[in-house]
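Here's my_file.tsv, which has TSV, C-alpha atoms and all ligand atoms:
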```
chain	number	residue	atom	x	y	z
M	1	MET	CA	16.21	4.27	28.59
M	2	VAL	CA	14.13	4.97	25.47
M	3	ASP	CA	10.33	4.84	25.90
M	4	LEU	CA	7.66	5.21	23.24
M	5	ILE	CA	5.13	8.00	23.95
M	6	ASP	CA	1.87	9.10	22.27
M	7	THR	CA	2.95	11.01	19.16
M	8	ILE	CA	3.52	14.75	19.75
M	9	VAL	CA	3.28	16.97	16.67
M	10	TYR	CA	4.93	20.34	15.97
M	11	ALA	CA	5.10	22.66	12.99
M	12	GLY	CA	8.37	24.57	12.89
M	13	ARG	CA	10.97	26.37	10.86
M	14	LEU	CA	14.45	27.83	11.30
M	15	LYS	CA	14.64	31.41	12.55
M	16	ASP	CA	17.75	31.86	10.36
M	17	LYS	CA	16.24	32.90	7.00
M	18	SER	CA	19.28	32.12	4.87
M	19	ALA	CA	19.56	28.58	6.31
M	20	LEU	CA	15.80	28.15	5.82
M	21	MET	CA	16.09	29.08	2.13
M	22	SER	CA	18.80	26.47	1.55
M	23	SER	CA	16.74	23.73	3.29
M	24	SER	CA	14.18	21.54	1.53
M	25	SER	CA	11.35	22.15	4.00
M	26	GLY	CA	11.56	24.21	7.20
M	27	GLY	CA	15.17	23.30	8.02
M	28	ALA	CA	14.52	20.57	10.61
M	29	PHE	CA	17.73	18.80	9.58
M	30	THR	CA	19.87	21.92	10.15
M	31	ALA	CA	18.36	22.57	13.58
M	32	LEU	CA	18.86	18.93	14.61
M	33	SER	CA	22.39	18.58	13.26
M	34	ASN	CA	23.45	21.94	14.82
M	35	ALA	CA	22.62	20.54	18.26
M	36	PHE	CA	25.11	17.67	17.73
M	37	LEU	CA	27.88	19.38	15.78
M	38	LYS	CA	28.15	22.27	18.25
M	39	SER	CA	28.97	19.88	21.08
M	40	GLY	CA	31.43	17.78	19.05
M	41	ASP	CA	28.99	14.89	18.55
M	42	ALA	CA	28.48	13.20	15.17
M	43	VAL	CA	25.73	13.21	12.54
M	44	VAL	CA	25.06	10.50	9.95
M	45	ALA	CA	23.14	11.60	6.83
M	46	ALA	CA	22.96	11.06	3.05
M	47	VAL	CA	25.22	13.07	0.71
M	48	TYR	CA	25.16	13.25	-3.11
M	49	ASN	CA	28.32	11.98	-4.81
M	50	TYR	CA	28.95	13.98	-8.02
M	51	GLU	CA	31.52	11.46	-9.28
M	52	ASN	CA	29.35	8.34	-9.42
M	53	HIS	CA	25.87	9.95	-9.10
M	54	THR	CA	24.81	7.94	-6.08
M	55	VAL	CA	23.59	9.09	-2.67
M	56	GLU	CA	25.78	7.76	0.13
M	57	PHE	CA	25.55	7.89	3.90
M	58	GLN	CA	28.47	9.63	5.56
M	59	MET	CA	29.73	10.48	9.05
M	60	ILE	CA	29.47	14.26	9.43
M	61	LEU	CA	31.58	16.08	12.01
M	62	ASP	CA	31.38	19.75	11.02
M	63	GLU	CA	29.01	22.30	9.51
M	64	LYS	CA	30.78	22.36	6.14
M	65	GLN	CA	30.17	18.62	5.68
M	66	ARG	CA	26.59	19.07	6.93
M	67	GLU	CA	25.87	21.65	4.23
M	68	ARG	CA	26.69	18.98	1.64
M	69	ALA	CA	24.08	16.64	3.15
M	70	LYS	CA	21.27	19.18	2.86
M	71	GLY	CA	18.72	18.85	0.06
M	72	SER	CA	16.18	16.15	-0.83
M	73	LYS	CA	17.65	13.72	-3.34
M	74	TYR	CA	14.92	11.88	-5.20
M	75	MET	CA	16.63	8.50	-5.60
M	76	GLN	CA	17.37	5.57	-3.29
M	77	SER	CA	20.41	6.18	-1.10
M	78	LYS	CA	22.97	3.56	-0.10
M	79	PRO	CA	23.61	2.91	3.61
M	80	GLY	CA	26.75	0.87	2.67
M	81	ASP	CA	28.53	0.00	5.92
M	82	ILE	CA	27.46	3.18	7.73
M	83	TYR	CA	25.84	1.30	10.64
M	84	GLN	CA	29.18	-0.35	11.45
M	85	GLU	CA	31.08	2.91	10.91
M	86	ALA	CA	28.75	4.73	13.33
M	87	TYR	CA	29.23	1.93	15.88
M	88	ARG	CA	33.02	2.09	15.57
M	89	TRP	CA	32.96	5.89	15.98
M	90	LEU	CA	30.91	5.55	19.18
M	91	MET	CA	33.30	2.90	20.53
M	92	ASP	CA	36.30	5.16	19.74
M	93	ASN	CA	34.57	8.18	21.36
M	94	PRO	CA	32.98	6.77	24.53
M	95	LYS	CA	31.72	10.16	25.79
M	96	LYS	CA	30.06	11.21	22.52
M	97	GLU	CA	26.59	10.75	21.01
M	98	LEU	CA	25.36	10.43	17.44
M	99	LEU	CA	22.38	11.59	15.36
M	100	PHE	CA	21.22	9.30	12.53
M	101	VAL	CA	18.96	10.82	9.84
M	102	GLY	CA	17.58	8.64	7.03
M	103	MET	CA	14.41	7.44	5.33
M	104	GLY	CA	11.91	5.37	7.38
M	105	CYS	CA	13.36	1.99	6.40
M	106	GLN	CA	17.01	3.06	6.89
M	107	SER	CA	16.41	4.70	10.27
M	108	ASP	CA	14.34	1.84	11.63
M	109	GLY	CA	17.09	-0.53	10.47
M	110	PHE	CA	19.59	1.57	12.43
M	111	ARG	CA	17.27	1.53	15.47
M	112	LYS	CA	17.22	-2.30	15.43
M	113	PHE	CA	21.01	-2.40	14.92
M	114	SER	CA	21.58	0.01	17.83
M	115	GLU	CA	19.41	-2.10	20.13
M	116	ILE	CA	21.28	-5.29	19.22
M	117	LYS	CA	24.66	-3.54	19.71
M	118	GLY	CA	23.62	-1.98	23.04
M	119	ILE	CA	24.12	1.63	21.85
M	120	ARG	CA	20.47	2.77	21.70
M	121	ASP	CA	21.01	5.17	24.64
M	122	ARG	CA	23.85	6.92	22.80
M	123	VAL	CA	22.07	7.53	19.50
M	124	HIS	CA	19.21	9.79	18.42
M	125	ILE	CA	17.31	8.42	15.44
M	126	VAL	CA	15.32	10.61	13.05
M	127	ASP	CA	13.48	9.41	9.97
M	128	ILE	CA	12.06	11.30	7.00
M	129	ILE	CA	8.53	11.08	5.56
M	130	CYS	CA	8.81	9.43	2.15
M	131	HIS	CA	6.76	9.28	-1.05
M	132	GLY	CA	9.08	6.42	-2.15
M	133	SER	CA	12.57	6.25	-3.66
M	134	PRO	CA	13.21	5.69	-7.36
M	135	SER	CA	15.74	3.10	-8.52
M	136	PRO	CA	19.29	4.47	-8.13
M	137	LYS	CA	20.26	2.91	-11.48
M	138	LEU	CA	17.59	4.92	-13.28
M	139	TRP	CA	18.90	8.20	-11.83
M	140	ARG	CA	22.53	7.29	-12.59
M	141	GLU	CA	21.73	6.58	-16.23
M	142	TYR	CA	19.67	9.77	-16.43
M	143	ALA	CA	22.56	11.83	-14.98
M	144	GLU	CA	25.06	10.13	-17.29
M	145	SER	CA	22.85	10.84	-20.29
M	146	ILE	CA	22.75	14.56	-19.34
M	147	GLN	CA	26.53	14.59	-18.94
M	148	LYS	CA	27.03	12.94	-22.34
M	149	LYS	CA	24.93	15.62	-24.03
M	150	ASP	CA	25.70	18.74	-21.97
M	151	GLY	CA	28.79	18.27	-19.75
M	152	LYS	CA	29.67	17.59	-16.12
M	153	ILE	CA	26.97	18.05	-13.47
M	154	THR	CA	28.40	20.26	-10.72
M	155	TYR	CA	25.25	20.95	-8.66
M	156	LEU	CA	21.89	19.23	-8.06
M	157	THR	CA	18.72	20.43	-6.37
M	158	PHE	CA	15.18	19.12	-6.34
M	159	LYS	CA	13.84	21.80	-4.00
M	160	ASP	CA	15.16	25.23	-4.94
M	161	LYS	CA	12.76	27.72	-3.33
M	162	ARG	CA	13.02	30.67	-5.76
M	163	ASN	CA	9.28	30.26	-6.49
M	164	GLY	CA	8.47	29.36	-2.89
M	165	TRP	CA	8.35	26.13	-0.90
M	166	LYS	CA	5.10	25.05	-2.54
M	167	SER	CA	6.52	25.24	-6.09
M	168	PRO	CA	10.05	23.80	-5.87
M	169	THR	CA	12.37	24.13	-8.87
M	170	ALA	CA	14.49	21.05	-9.70
M	171	TYR	CA	17.61	21.46	-11.80
M	172	VAL	CA	21.24	20.47	-12.29
M	173	LYS	CA	24.06	22.88	-13.10
M	174	VAL	CA	26.06	21.95	-16.18
M	175	ASN	CA	28.81	24.24	-17.51
M	176	GLY	CA	27.51	26.98	-15.23
M	177	SER	CA	23.97	26.82	-16.69
M	178	GLU	CA	20.81	25.38	-15.20
M	179	ARG	CA	19.19	22.38	-16.86
M	180	PRO	CA	15.68	21.59	-15.56
M	181	LEU	CA	14.77	18.10	-14.29
M	182	LYS	CA	11.05	18.32	-15.05
M	183	ASP	CA	10.89	14.96	-16.86
M	184	TYR	CA	12.62	13.09	-14.00
M	185	VAL	CA	10.44	14.77	-11.36
M	186	ARG	CA	7.30	13.74	-13.29
M	187	VAL	CA	8.55	10.15	-13.38
M	188	PHE	CA	9.18	10.39	-9.60
M	189	TYR	CA	5.59	11.49	-8.99
M	190	ASN	CA	3.87	9.23	-11.51
M	191	ARG	CA	4.62	6.15	-9.36
M	192	CYS	CA	6.31	4.03	-12.07
M	193	ALA	CA	9.92	4.09	-10.96
M	194	LEU	CA	9.86	3.56	-7.18
M	195	ARG	CA	11.56	0.55	-5.57
M	196	PRO	CA	9.14	-2.43	-5.34
M	197	SER	CA	9.31	-2.36	-1.50
M	198	CYS	CA	8.15	1.31	-1.44
M	199	TYR	CA	4.64	0.26	-2.53
M	200	GLU	CA	4.41	-1.86	0.63
M	201	CYS	CA	6.22	0.52	2.98
M	202	PRO	CA	5.33	-0.21	6.64
M	203	TYR	CA	6.56	3.25	7.71
M	204	ALA	CA	3.78	5.23	6.01
M	205	THR	CA	2.16	6.04	9.36
M	206	THR	CA	2.39	8.61	12.18
M	207	GLU	CA	3.26	5.82	14.65
M	208	ARG	CA	6.96	4.93	14.43
M	209	LYS	CA	9.70	3.66	16.73
M	210	THR	CA	12.37	6.20	15.85
M	211	ASP	CA	12.80	9.21	18.18
M	212	MET	CA	11.41	11.67	15.66
M	213	THR	CA	10.05	11.90	12.12
M	214	ILE	CA	10.54	15.02	9.98
M	215	GLY	CA	8.94	16.08	6.70
M	216	ASP	CA	7.03	18.86	4.98
M	217	PHE	CA	4.03	20.29	6.82
M	218	TRP	CA	1.79	20.14	3.75
M	219	HIS	CA	-1.50	22.10	3.82
M	220	ILE	CA	-0.28	24.23	6.74
M	221	GLU	CA	-1.57	27.32	4.93
M	222	GLU	CA	-5.06	25.85	5.51
M	223	THR	CA	-4.65	24.11	8.88
M	224	ILE	CA	-2.49	26.68	10.76
M	225	PRO	CA	-2.75	29.73	8.45
M	226	ASN	CA	-1.30	32.18	10.97
M	227	PHE	CA	1.91	30.12	11.14
M	228	TYR	CA	2.38	29.49	7.38
M	229	ASP	CA	5.59	30.75	5.74
M	230	SER	CA	5.99	30.58	1.94
M	231	ASN	CA	9.73	29.91	2.49
M	232	GLY	CA	9.22	26.50	4.11
M	233	ASN	CA	7.53	24.59	6.89
M	234	SER	CA	8.74	21.45	8.65
M	235	LEU	CA	6.68	18.83	10.40
M	236	PHE	CA	8.06	17.16	13.54
M	237	LEU	CA	6.46	13.95	14.87
M	238	ILE	CA	7.93	12.96	18.22
M	239	HIS	CA	7.70	9.29	19.20
M	240	THR	CA	9.91	8.79	22.29
M	241	ASN	CA	11.01	10.51	25.51
M	242	ARG	CA	14.41	10.88	23.82
M	243	GLY	CA	12.76	12.67	20.89
M	244	GLU	CA	10.99	15.03	23.33
M	245	LYS	CA	14.35	16.01	24.89
M	246	LEU	CA	15.86	16.45	21.44
M	247	PHE	CA	13.08	18.83	20.42
M	248	GLU	CA	13.67	20.87	23.61
M	249	LYS	CA	17.34	21.15	22.59
M	250	ILE	CA	16.56	22.63	19.15
M	251	GLN	CA	13.67	24.92	20.17
M	252	SER	CA	15.87	28.02	20.41
M	253	ASP	CA	16.79	27.71	16.69
M	254	LEU	CA	13.11	27.48	15.66
M	255	ASP	CA	9.83	29.28	15.40
M	256	TYR	CA	7.33	26.53	16.25
M	257	ARG	CA	3.73	25.66	17.15
M	258	LEU	CA	2.19	22.63	18.82
M	259	SER	CA	-0.04	20.79	16.33
M	260	ASN	CA	-1.76	17.41	15.98
M	261	THR	CA	-2.03	14.41	13.64
M	262	ILE	CA	-5.20	15.78	12.00
M	263	GLN	CA	-3.65	19.12	10.99
M	264	CYS	CA	-0.53	17.47	9.57
M	265	TRP	CA	-2.29	14.71	7.60
M	266	GLN	CA	-0.75	13.80	4.24
M	267	ALA	CA	-1.11	10.71	2.04
M	268	ASN	CA	2.23	9.10	2.93
M	269	LEU	CA	1.47	9.29	6.66
M	270	GLU	CA	-1.53	7.06	6.04
M	271	ALA	CA	-0.51	4.57	3.35
M	272	PRO	CA	2.36	3.76	0.99
M	273	THR	CA	2.31	5.27	-2.49
M	274	GLN	CA	0.22	3.09	-4.81
M	275	LYS	CA	1.92	1.29	-7.66
M	276	SER	CA	1.14	2.84	-11.06
M	277	GLU	CA	-0.86	0.69	-13.48
M	278	GLN	CA	1.84	1.62	-16.03
M	279	ARG	CA	4.77	0.35	-13.94
M	280	GLU	CA	5.33	-2.88	-15.85
M	281	GLU	CA	5.07	-1.10	-19.20
M	282	PHE	CA	7.54	1.55	-17.95
M	283	TRP	CA	10.20	-1.01	-17.03
M	284	ASN	CA	9.66	-3.06	-20.22
M	285	ASP	CA	10.12	0.13	-22.25
M	286	TYR	CA	13.23	0.99	-20.24
M	287	LYS	CA	14.78	-2.44	-20.78
M	288	LYS	CA	14.08	-2.39	-24.54
M	289	LYS	CA	14.53	1.30	-25.40
M	290	GLY	CA	16.57	2.92	-22.64
M	291	ILE	CA	16.54	5.94	-20.37
M	292	ASP	CA	15.98	8.73	-22.92
M	293	PHE	CA	12.94	6.93	-24.35
M	294	VAL	CA	11.20	6.44	-20.96
M	295	MET	CA	11.96	9.99	-19.83
M	296	LYS	CA	10.30	11.29	-22.99
M	297	LYS	CA	7.33	8.94	-22.86
M	298	TYR	CA	6.58	9.07	-19.11
M	299	GLY	CA	8.16	12.41	-18.18
M	300	SER	CA	6.29	14.73	-20.51
M	301	VAL	CA	2.77	15.97	-19.85
M	302	PRO	CA	-0.02	15.41	-22.38
M	303	VAL	CA	-1.82	18.67	-23.32
M	304	LYS	CA	-5.09	17.45	-21.70
M	305	THR	CA	-3.32	16.90	-18.35
M	306	LYS	CA	-1.55	20.28	-18.62
M	307	ILE	CA	-4.92	22.05	-18.79
M	308	LYS	CA	-6.32	19.97	-15.90
M	309	ASN	CA	-3.23	20.67	-13.73
M	310	LYS	CA	-3.42	24.39	-14.44
M	311	LEU	CA	-7.05	24.44	-13.29
M	312	LEU	CA	-6.22	22.41	-10.16
M	313	LYS	CA	-3.31	24.75	-9.34
M	314	ILE	CA	-5.60	27.78	-9.62
M	315	MET	CA	-7.98	26.01	-7.21
M	316	GLY	CA	-5.02	25.23	-4.85
M	317	GLY	CA	-5.24	21.47	-5.30
M	318	ILE	CA	-1.67	20.54	-6.29
M	319	HIS	CA	1.02	20.09	-3.68
M	320	ARG	CA	4.60	19.05	-4.24
M	321	ARG	CA	6.58	16.92	-1.80
T	1	LIG	C1	12.87	10.50	-1.78
T	1	LIG	C2	12.20	11.48	-0.85
T	1	LIG	C3	10.82	11.49	-0.74
T	1	LIG	C4	10.18	12.37	0.16
T	1	LIG	N1	8.81	12.35	0.29
T	1	LIG	C5	8.21	13.15	1.19
T	1	LIG	C6	6.79	13.09	1.39
T	1	LIG	O1	6.08	12.32	0.77
T	1	LIG	N2	6.25	13.93	2.33
T	1	LIG	C7	7.00	14.79	3.07
T	1	LIG	O2	6.45	15.51	3.92
T	1	LIG	N3	8.34	14.87	2.91
T	1	LIG	C8	8.94	14.06	1.99
T	1	LIG	N4	10.31	14.10	1.83
T	1	LIG	C9	11.11	14.91	2.80
T	1	LIG	C10	11.38	16.34	2.44
T	1	LIG	O3	11.62	16.48	1.06
T	1	LIG	C11	12.61	16.87	3.21
T	1	LIG	O4	13.75	16.09	2.89
T	1	LIG	C12	12.46	16.81	4.72
T	1	LIG	O5	11.29	17.51	5.10
T	1	LIG	C13	13.68	17.44	5.43
T	1	LIG	O6	13.64	18.81	5.19
T	1	LIG	P1	14.72	19.84	5.78
T	1	LIG	O7	14.25	21.24	5.52
T	1	LIG	O8	15.03	19.45	7.17
T	1	LIG	O9	15.81	19.47	4.72
T	1	LIG	P2	17.32	19.61	4.37
T	1	LIG	O10	18.11	20.45	5.30
T	1	LIG	O11	17.33	19.95	2.94
T	1	LIG	O12	17.83	18.10	4.60
T	1	LIG	C14	17.40	17.03	3.86
T	1	LIG	C15	17.62	15.78	4.66
T	1	LIG	O13	17.17	14.65	3.90
T	1	LIG	C16	18.23	13.71	3.75
T	1	LIG	N5	18.09	13.07	2.44
T	1	LIG	C17	17.90	13.68	1.25
T	1	LIG	N6	17.78	12.77	0.27
T	1	LIG	C18	17.89	11.56	0.86
T	1	LIG	C19	17.87	10.24	0.37
T	1	LIG	N7	17.68	9.96	-0.93
T	1	LIG	N8	18.03	9.22	1.26
T	1	LIG	C20	18.23	9.48	2.59
T	1	LIG	N9	18.25	10.73	3.11
T	1	LIG	C21	18.09	11.75	2.25
T	1	LIG	C22	19.50	14.56	3.85
T	1	LIG	O14	20.64	13.79	4.16
T	1	LIG	C23	19.10	15.51	4.98
T	1	LIG	O15	19.20	14.87	6.20
T	1	LIG	C24	10.96	13.25	0.93
T	1	LIG	C25	12.37	13.27	0.79
T	1	LIG	C26	12.98	12.39	-0.08
T	1	LIG	C27	14.50	12.40	-0.19
```

File written out as structure tokens:
Amino acid sequence: MVDLIDTIVYAGRLKDKSALMSSSSGGAFTALSNAFLKSGDAVVAAVYNYENHTVEFQMILDEKQRERAKGSKYMQSKPGDIYQEAYRWLMDNPKKELLFVGMGCQSDGFRKFSEIKGIRDRVHIVDIICHGSPSPKLWREYAESIQKKDGKITYLTFKDKRNGWKSPTAYVKVNGSERPLKDYVRVFYNRCALRPSCYECPYATTERKTDMTIGDFWHIEETIPNFYDSNGNSLFLIHTNRGEKLFEKIQSDLDYRLSNTIQCWQANLEAPTQKSEQREEFWNDYKKKGIDFVMKKYGSVPVKTKIKNKLLKIMGGIHRR
């Protein structure tokens, strides 16, 4: 029986420093997936496909596969027929359980599916706080354009922590060298390229029907300064009795603190990302002039903004997701 409860909030991070460094935030996904993989249960999560440059949901049954699912991928992922595949796996393994991790819309879709199929008691459903997902076609063309100029992409990260969790480095590896993704990341944040539905997202709230929501615990250095770690901090929002039990299961892998919805406030827990006034112009430019043109026009920073951003950074006002 799954019951909704008043939201419980935790800040937490993996005790294992090396696993924390290879996680986007505080390693919530690793802690959660460990709990399932160790007991032979299954995990469903989104993995980057280096052949066709899409992000696909896959069934994950061991730690090696799980490592490939780590990392925030800033483009819309494809659930494909993963709901059915998860259902079939549960039918074939009647004693096993399954963890589903996806964005708010994908996880709530899976929640509804699991209720209809009568498997809600055998699945744990976690969703991820989301700024919005850019069009997958835009990313694919961007990746293909890099490959045409520089060679095959063999590695992708949006959240390398070499400069700390608050200043993530985004790059792809091509021919063994790093090529920065600054232009694409700017387009991601400037609100032009997100899917139309993202601007009306009903999941931009702390109240959800999944078991748990995970994300970055932004501003933790101000709200819980004695628990801040420059290597990464996860936020856990627990919505059901099943989520409470799940958090108990992963506690031994984590350093954690009880928190509340005021300390963990961030824009996308209150409202969806607002559509940019330039969105229409962006897509018209893209249709007429192509990917390289829009990346140059919308992905580079005017000198005036560079100076303003530098000042804001000095004052501690810029946060990355
Ligand atoms: C497009 C996008 C926007 C985000 N916006 C915010 C935000 O506004 N605020 C915030 O606090 N956090 C945001 N996040 C979440 C944050 O970046 C981390 O992914 C999250 O905190 C999990 O961290 P971790 O340390 O557990 O990550 P990791 O161990 O690195 O695991 C990342 C998890 O995210 C999943 N994932 C990655 N990309 C996708 C994708 N495209 N579709 C579906 N699942 C995916 C992986 O499968 C894995 O389960 C966003 C993530 C994405 C992908």

Please extract the residues at most 7 Å from ligand LIG 1 (chain T), counting all atoms listed in the file, and provide them as a PyMOL selection string, using the chain letters and residue numbers of this document.
chain M and resi 22-30+45-47+55+69-77+101-103+128-133+214-218+234+268+321

Using only C-alpha atoms, find each residue of segment 210-237 of chain M with at least one atom at most 12 Å away from an atom of segment 313-317 of chain M; report its shortest atom-to-atom pair and that distance in Å (one decimal), sort the rows by chain and rising residue number, and return the result as JSON lines.
```
{"residue": "M:Trp218", "atom": "CA", "partner": "M:Gly317", "partner_atom": "CA", "distance": 11.5}
{"residue": "M:His219", "atom": "CA", "partner": "M:Gly316", "partner_atom": "CA", "distance": 9.9}
{"residue": "M:Glu221", "atom": "CA", "partner": "M:Gly316", "partner_atom": "CA", "distance": 10.6}
{"residue": "M:Glu222", "atom": "CA", "partner": "M:Gly316", "partner_atom": "CA", "distance": 10.4}
```

Write out as a CSV table (one decimal) with C-alpha atoms, in the frame of the given file each polymer residue whose atoms come within 12 Å of Phe293 of chain M, counting only C-alpha atoms; drop sequence neighbours fewer than 5 positions from it.
```
chain,number,residue,atom,x,y,z
M,141,GLU,CA,21.7,6.6,-16.2
M,142,TYR,CA,19.7,9.8,-16.4
M,145,SER,CA,22.8,10.8,-20.3
M,183,ASP,CA,10.9,15.0,-16.9
M,282,PHE,CA,7.5,1.6,-18.0
M,283,TRP,CA,10.2,-1.0,-17.0
M,284,ASN,CA,9.7,-3.1,-20.2
M,285,ASP,CA,10.1,0.1,-22.2
M,286,TYR,CA,13.2,1.0,-20.2
M,287,LYS,CA,14.8,-2.4,-20.8
M,288,LYS,CA,14.1,-2.4,-24.5
M,298,TYR,CA,6.6,9.1,-19.1
M,299,GLY,CA,8.2,12.4,-18.2
M,300,SER,CA,6.3,14.7,-20.5
```

Name the closest residue to Ile146 of chain M among the candidates M:His53, M:Gln58, M:Met91, M:Arg162; distances are taken between atoms, counting only C-alpha atoms.
M:His53

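Of the listed residues (M:Tyr10, M:Tyr203, M:Phe36, M:Phe57), M:Phe36 comes nearest to Lys249 of chain M; the distances count all atoms listed in the file.
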
What lies within 10 Å of Tyr87 of chain M using all atoms listed in the file, ignoring chain neighbours under 3 positions off, as a list in words?
Ile82, Tyr83, Gln84, Leu90, Met91, Asp92, Asn93, Leu98, Phe113, Ser114, Lys117, Gly118, Ile119 and Val123 of chain M

Distance of atom CA of Trp139 of chain M from atom CA of Gly80 of chain M, expressed in Å to one decimal place
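Computed distance, atom CA of Gly80 of chain M to atom CA of Trp139 of chain M, equals 18.0 Å.
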